[in-house]
Amino acid sequence: MCLLIALSGVLPAAPLLVAANRDEFYGRPAEVMTVLRERGPRILGGRDLVAGGTWLAVNSHGLVAGLTNQPSARGRDDTRRSRGELPLAFAAYPDAATAVAEVCAGLDPSDYNPCWLLVGDRSALFSVDLTGGHHPVVRQLPPGTHVLENVPLTDDSAKTRQVAAMVAAGITRANEHGGASGTDAAEQALATVLRDHRPAAGPPGPAASAAGPVRPAELSAACVHTARYGTRSAMIVRVGITGRPQVRVADGPPCQAPFVDATALWTAPGQDSAPSM
């Protein structure tokens, strides 16, 4: 996953709204959306068919956990554990505060290639930094819009600035509607951001500059297209005041593939559709 947008405590009808683009090499096989865990709690998300993990997981209680990778000039160290384990580990808990406390207590960043995560629910949003040392750096984020790409959340990168400005403009328009229609408009605004191909203008930011060779300009767009690598899928998750999250997925770059409602996956065969509170 290379772009995560989280609106926490911004929309009254949706305490958490997450939009994400997954960027990856075209040849790496993946399942765009499936049931990752049947129960206790039920977890939905995409599955990497090479390492078996996921880039973004959402559970039936309304917890969402997603990650972005830190680029490295040396590439991925295959002797380390898969980063795709991490969203699943956090999504095994009923709420974000418990998940962060329990998982991070036993987590050593050196076991994984470097990455960052956002872990949130309808009550709180946390950032988890696994880019160095032997203990995660955890921070509870204030209500607002948070944009995480392949640099630290605190890094003022050109891509972060451009995406944040687009989101802010879209949310301003959405707030003119209010209520559920305002949340629908916000989702539409986020989908428009995820489809955007414009390379970001301006300096890439200190962390991106220090990561190795200068990245191609195409990688600074929200929706990435290069010869071998690009945006493979997208997801929008709406966590309402109560009930199970609404999940929409694009099987392909969102500029080409439509968003399809995957919310029916919350109900197992033979199970009723009563919401999980």
# chains A, B, ... in the order shown; residues from 1 in each chain; ligands from 1

call {"tool": "select_by_dssp", "arguments": {"residues": "segment 78-218 of chain A", "states": "alpha helix (DSSP H)", "output": "number ranges by chain"}}
result
A: 85-91, 96-105, 158-175, 179-194, 206-210

call {"tool": "residues_around", "arguments": {"residues": "segment 150-167 of chain A", "least_positions_apart": "3", "cutoff": "8 Å", "atoms": "only C-alpha atoms", "output": "ChimeraX atom specification"}}
result
/A:2-3,68-71,116,127,129,145-147,170-171,189-190,193,199-208,220-222

call {"tool": "atom_distance", "arguments": {"atom1": "atom CA of Pro258 of chain A", "atom2": "atom CA of Tyr229 of chain A"}}
result
20.1 Å

call {"tool": "residues_around", "arguments": {"residues": "segment 119-126 of chain A", "least_positions_apart": "6", "cutoff": "10 Å", "atoms": "only C-alpha atoms", "output": "PyMOL selection string"}}
result
chain A and resi 6-9+14-18+56-59+61-67+87+90-91+94-97+99-100+138-144+146+238-242+245

call {"tool": "write_last_selection", "arguments": {"atoms": "N, CA and C atoms", "output": "compact mmCIF listing (two decimals), in the first residue's frame"}}
result
# COMPACT_ATOMS: atom_id res chain seq x y z
N ALA A 6 -6.80 9.04 5.87
CA ALA A 6 -7.72 8.75 6.97
C ALA A 6 -8.36 10.03 7.47
N LEU A 7 -9.68 10.07 7.45
CA LEU A 7 -10.43 11.17 8.03
C LEU A 7 -10.99 10.68 9.36
N SER A 8 -10.42 11.18 10.44
CA SER A 8 -10.79 10.73 11.79
C SER A 8 -11.49 11.87 12.52
N GLY A 9 -12.75 11.64 12.91
CA GLY A 9 -13.49 12.66 13.63
C GLY A 9 -13.82 13.88 12.81
N ALA A 14 -19.73 9.57 9.92
CA ALA A 14 -18.68 8.56 9.69
C ALA A 14 -17.45 8.96 10.49
N PRO A 15 -17.35 8.50 11.75
CA PRO A 15 -16.21 8.88 12.59
C PRO A 15 -14.86 8.52 11.98
N LEU A 16 -14.82 7.50 11.10
CA LEU A 16 -13.58 7.15 10.41
C LEU A 16 -13.90 6.85 8.96
N LEU A 17 -13.18 7.50 8.06
CA LEU A 17 -13.30 7.24 6.63
C LEU A 17 -11.88 7.08 6.08
N VAL A 18 -11.61 5.93 5.47
CA VAL A 18 -10.27 5.61 4.98
C VAL A 18 -10.32 5.37 3.48
N LEU A 56 -4.08 -3.85 3.82
CA LEU A 56 -5.08 -3.13 4.59
C LEU A 56 -6.12 -4.13 5.06
N ALA A 57 -6.42 -4.10 6.36
CA ALA A 57 -7.40 -5.02 6.95
C ALA A 57 -8.45 -4.21 7.70
N VAL A 58 -9.70 -4.66 7.62
CA VAL A 58 -10.79 -4.02 8.34
C VAL A 58 -11.60 -5.11 9.02
N ASN A 59 -11.93 -4.91 10.29
CA ASN A 59 -12.68 -5.96 10.99
C ASN A 59 -14.13 -5.54 11.25
N HIS A 61 -15.76 -5.00 13.84
CA HIS A 61 -15.99 -4.01 14.90
C HIS A 61 -15.79 -2.58 14.41
N GLY A 62 -15.15 -2.42 13.24
CA GLY A 62 -14.88 -1.09 12.73
C GLY A 62 -13.44 -0.64 12.89
N LEU A 63 -12.53 -1.58 13.12
CA LEU A 63 -11.09 -1.26 13.19
C LEU A 63 -10.48 -1.41 11.81
N VAL A 64 -9.69 -0.42 11.40
CA VAL A 64 -8.99 -0.44 10.12
C VAL A 64 -7.50 -0.30 10.38
N ALA A 65 -6.69 -1.17 9.73
CA ALA A 65 -5.24 -1.11 9.88
C ALA A 65 -4.61 -1.24 8.49
N GLY A 66 -3.81 -0.25 8.12
CA GLY A 66 -3.15 -0.27 6.81
C GLY A 66 -1.72 0.16 6.93
N LEU A 67 -0.90 -0.23 5.95
CA LEU A 67 0.53 0.10 6.02
C LEU A 67 1.04 0.66 4.70
N PRO A 87 -1.06 -5.66 9.49
CA PRO A 87 -2.47 -5.25 9.55
C PRO A 87 -3.37 -6.33 10.13
N PHE A 90 -3.11 -6.35 14.03
CA PHE A 90 -3.87 -5.27 14.68
C PHE A 90 -5.37 -5.51 14.55
N ALA A 91 -5.81 -6.00 13.40
CA ALA A 91 -7.24 -6.19 13.16
C ALA A 91 -7.84 -7.34 13.95
N PRO A 94 -10.66 -5.81 19.13
CA PRO A 94 -11.95 -5.13 18.95
C PRO A 94 -11.87 -3.62 18.79
N ASP A 95 -10.78 -3.00 19.23
CA ASP A 95 -10.67 -1.55 19.12
C ASP A 95 -9.21 -1.17 18.92
N ALA A 96 -8.99 0.04 18.42
CA ALA A 96 -7.64 0.46 18.03
C ALA A 96 -6.72 0.63 19.24
N ALA A 97 -7.24 1.20 20.33
CA ALA A 97 -6.39 1.41 21.49
C ALA A 97 -5.87 0.09 22.05
N ALA A 99 -5.64 -2.76 20.38
CA ALA A 99 -4.78 -3.37 19.36
C ALA A 99 -3.37 -2.81 19.43
N VAL A 100 -3.26 -1.50 19.51
CA VAL A 100 -1.93 -0.87 19.53
C VAL A 100 -1.18 -1.25 20.80
N VAL A 138 4.78 4.91 18.64
CA VAL A 138 3.33 5.01 18.53
C VAL A 138 2.89 6.42 18.91
N ARG A 139 1.96 6.95 18.13
CA ARG A 139 1.43 8.28 18.43
C ARG A 139 -0.07 8.28 18.17
N GLN A 140 -0.85 8.76 19.15
CA GLN A 140 -2.27 8.94 18.91
C GLN A 140 -2.46 10.26 18.16
N LEU A 141 -3.18 10.20 17.06
CA LEU A 141 -3.32 11.36 16.18
C LEU A 141 -4.55 12.17 16.56
N PRO A 142 -4.49 13.48 16.40
CA PRO A 142 -5.67 14.31 16.70
C PRO A 142 -6.73 14.13 15.62
N PRO A 143 -7.96 14.49 15.90
CA PRO A 143 -8.99 14.46 14.86
C PRO A 143 -8.56 15.32 13.67
N GLY A 144 -8.88 14.84 12.47
CA GLY A 144 -8.50 15.58 11.27
C GLY A 144 -8.23 14.65 10.11
N HIS A 146 -5.44 12.85 7.74
CA HIS A 146 -4.06 12.38 7.81
C HIS A 146 -3.73 11.62 6.54
N ARG A 238 -15.82 3.02 5.05
CA ARG A 238 -16.60 3.96 5.86
C ARG A 238 -17.00 3.27 7.17
N VAL A 239 -16.52 3.81 8.28
CA VAL A 239 -16.90 3.31 9.61
C VAL A 239 -17.92 4.27 10.18
N GLY A 240 -19.18 3.81 10.25
CA GLY A 240 -20.24 4.66 10.75
C GLY A 240 -20.29 4.70 12.27
N ILE A 241 -21.28 5.37 12.77
CA ILE A 241 -21.43 5.50 14.22
C ILE A 241 -21.69 4.15 14.87
N THR A 242 -22.44 3.29 14.20
CA THR A 242 -22.67 1.92 14.66
C THR A 242 -22.62 0.99 13.46
N PRO A 245 -18.51 -1.81 9.09
CA PRO A 245 -18.03 -0.84 8.10
C PRO A 245 -18.58 -1.14 6.70

call {"tool": "select_by_dssp", "arguments": {"residues": "segment 50-250 of chain A", "states": "strand (DSSP E)", "output": "JSON, numbers by chain"}}
result
{"A": [56, 57, 58, 59, 64, 65, 66, 67, 68, 69, 115, 116, 117, 118, 119, 120, 125, 126, 127, 128, 129, 130, 137, 138, 139, 140, 144, 145, 146, 147, 148, 229, 230, 231, 232, 233, 234, 235, 236, 237, 238, 239, 246, 247, 248, 249, 250]}

call {"tool": "closest_residue", "arguments": {"among": "A:Glu187, A:Gly106, A:Glu31, A:Val224", "to": "Arg248 of chain A", "atoms": "only C-alpha atoms"}}
result
A:Glu187

call {"tool": "residues_around", "arguments": {"residues": "segment 225-227 of chain A", "least_positions_apart": "5", "cutoff": "10 Å", "atoms": "only C-alpha atoms", "output": "PyMOL selection string"}}
result
chain A and resi 23+25-26+197+216-219+232+253

call {"tool": "write_last_selection", "arguments": {"atoms": "N, CA and C atoms", "output": "PDB file, in the first residue's frame"}}
result
ATOM      1  N   ASP A  23      -0.058   0.257  -4.361  1.00  0.00           N
ATOM      2  CA  ASP A  23       0.906   0.278  -5.461  1.00  0.00           C
ATOM      3  C   ASP A  23       1.845  -0.911  -5.324  1.00  0.00           C
ATOM      4  N   PHE A  25       4.380  -4.020  -7.918  1.00  0.00           N
ATOM      5  CA  PHE A  25       4.790  -4.514  -9.226  1.00  0.00           C
ATOM      6  C   PHE A  25       3.628  -5.283  -9.849  1.00  0.00           C
ATOM      7  N   TYR A  26       3.428  -5.099 -11.128  1.00  0.00           N
ATOM      8  CA  TYR A  26       2.288  -5.714 -11.802  1.00  0.00           C
ATOM      9  C   TYR A  26       2.342  -7.236 -11.758  1.00  0.00           C
ATOM     10  N   HIS A 197      -3.779  11.535 -11.522  1.00  0.00           N
ATOM     11  CA  HIS A 197      -2.487  11.129 -12.103  1.00  0.00           C
ATOM     12  C   HIS A 197      -1.409  12.208 -12.069  1.00  0.00           C
ATOM     13  N   PRO A 216      11.034   8.436  -9.726  1.00  0.00           N
ATOM     14  CA  PRO A 216      10.386   9.006 -10.905  1.00  0.00           C
ATOM     15  C   PRO A 216       9.207   9.875 -10.511  1.00  0.00           C
ATOM     16  N   ALA A 217       8.952  10.920 -11.296  1.00  0.00           N
ATOM     17  CA  ALA A 217       7.867  11.848 -10.975  1.00  0.00           C
ATOM     18  C   ALA A 217       6.526  11.141 -10.909  1.00  0.00           C
ATOM     19  N   GLU A 218       6.321  10.086 -11.724  1.00  0.00           N
ATOM     20  CA  GLU A 218       5.036   9.380 -11.732  1.00  0.00           C
ATOM     21  C   GLU A 218       4.676   8.819 -10.360  1.00  0.00           C
ATOM     22  N   LEU A 219       5.686   8.494  -9.542  1.00  0.00           N
ATOM     23  CA  LEU A 219       5.424   7.914  -8.230  1.00  0.00           C
ATOM     24  C   LEU A 219       4.868   8.934  -7.238  1.00  0.00           C
ATOM     25  N   ARG A 232      -2.437  -0.911  -8.241  1.00  0.00           N
ATOM     26  CA  ARG A 232      -3.067  -2.181  -8.604  1.00  0.00           C
ATOM     27  C   ARG A 232      -4.525  -2.275  -8.151  1.00  0.00           C
ATOM     28  N   PRO A 253      -6.451  -0.074 -11.121  1.00  0.00           N
ATOM     29  CA  PRO A 253      -6.307   1.345 -10.799  1.00  0.00           C
ATOM     30  C   PRO A 253      -7.669   2.014 -10.816  1.00  0.00           C
TER      31      PRO A 253
END

call {"tool": "atom_distance", "arguments": {"atom1": "atom CA of His134 of chain A", "atom2": "atom CA of Leu4 of chain A"}}
result
24.7 Å

call {"tool": "residues_around", "arguments": {"residues": "Arg76 of chain A", "least_positions_apart": "6", "cutoff": "12 Å", "atoms": "only C-alpha atoms", "output": "list in words"}}
result
Asn69, Gln70, Ser82, Arg83, Tyr112, Asn113, Pro114 and Cys115 of chain A

call {"tool": "write_last_selection", "arguments": {"atoms": "N, CA and C atoms", "output": "PDB file, in the first residue's frame"}}
result
ATOM      1  N   ASN A  69       5.118   1.078   2.875  1.00  0.00           N
ATOM      2  CA  ASN A  69       6.498   0.640   3.023  1.00  0.00           C
ATOM      3  C   ASN A  69       7.472   1.807   2.901  1.00  0.00           C
ATOM      4  N   GLN A  70       8.588   1.696   3.590  1.00  0.00           N
ATOM      5  CA  GLN A  70       9.685   2.645   3.407  1.00  0.00           C
ATOM      6  C   GLN A  70      10.548   2.163   2.242  1.00  0.00           C
ATOM      7  N   SER A  82       7.246 -10.977   6.869  1.00  0.00           N
ATOM      8  CA  SER A  82       6.432 -10.194   5.945  1.00  0.00           C
ATOM      9  C   SER A  82       5.705  -9.071   6.673  1.00  0.00           C
ATOM     10  N   ARG A  83       5.790  -7.871   6.130  1.00  0.00           N
ATOM     11  CA  ARG A  83       5.056  -6.744   6.693  1.00  0.00           C
ATOM     12  C   ARG A  83       3.549  -6.961   6.595  1.00  0.00           C
ATOM     13  N   TYR A 112      11.121  -6.816  10.746  1.00  0.00           N
ATOM     14  CA  TYR A 112      10.427  -6.525   9.497  1.00  0.00           C
ATOM     15  C   TYR A 112      11.217  -5.512   8.676  1.00  0.00           C
ATOM     16  N   ASN A 113      10.963  -5.496   7.383  1.00  0.00           N
ATOM     17  CA  ASN A 113      11.443  -4.382   6.583  1.00  0.00           C
ATOM     18  C   ASN A 113      10.694  -3.130   7.031  1.00  0.00           C
ATOM     19  N   PRO A 114      11.305  -1.949   6.929  1.00  0.00           N
ATOM     20  CA  PRO A 114      10.718  -0.739   7.504  1.00  0.00           C
ATOM     21  C   PRO A 114       9.368  -0.372   6.882  1.00  0.00           C
ATOM     22  N   CYS A 115       8.466   0.101   7.751  1.00  0.00           N
ATOM     23  CA  CYS A 115       7.139   0.507   7.286  1.00  0.00           C
ATOM     24  C   CYS A 115       6.477   1.395   8.329  1.00  0.00           C
TER      25      CYS A 115
END

call {"tool": "residues_around", "arguments": {"residues": "Ala250 of chain A", "least_positions_apart": "5", "cutoff": "10 Å", "atoms": "only C-alpha atoms", "output": "list in words"}}
result
Asn21, Val32, Met33, Ala191, Arg232, Ser233, Ala234, Met235, Ile236, Cys255, Gln256, Ala257, Pro258, Phe259, Val260, Asp261 and Ala262 of chain A

call {"tool": "atom_distance", "arguments": {"atom1": "atom CA of Val237 of chain A", "atom2": "atom CA of Asp108 of chain A"}}
result
28.6 Å
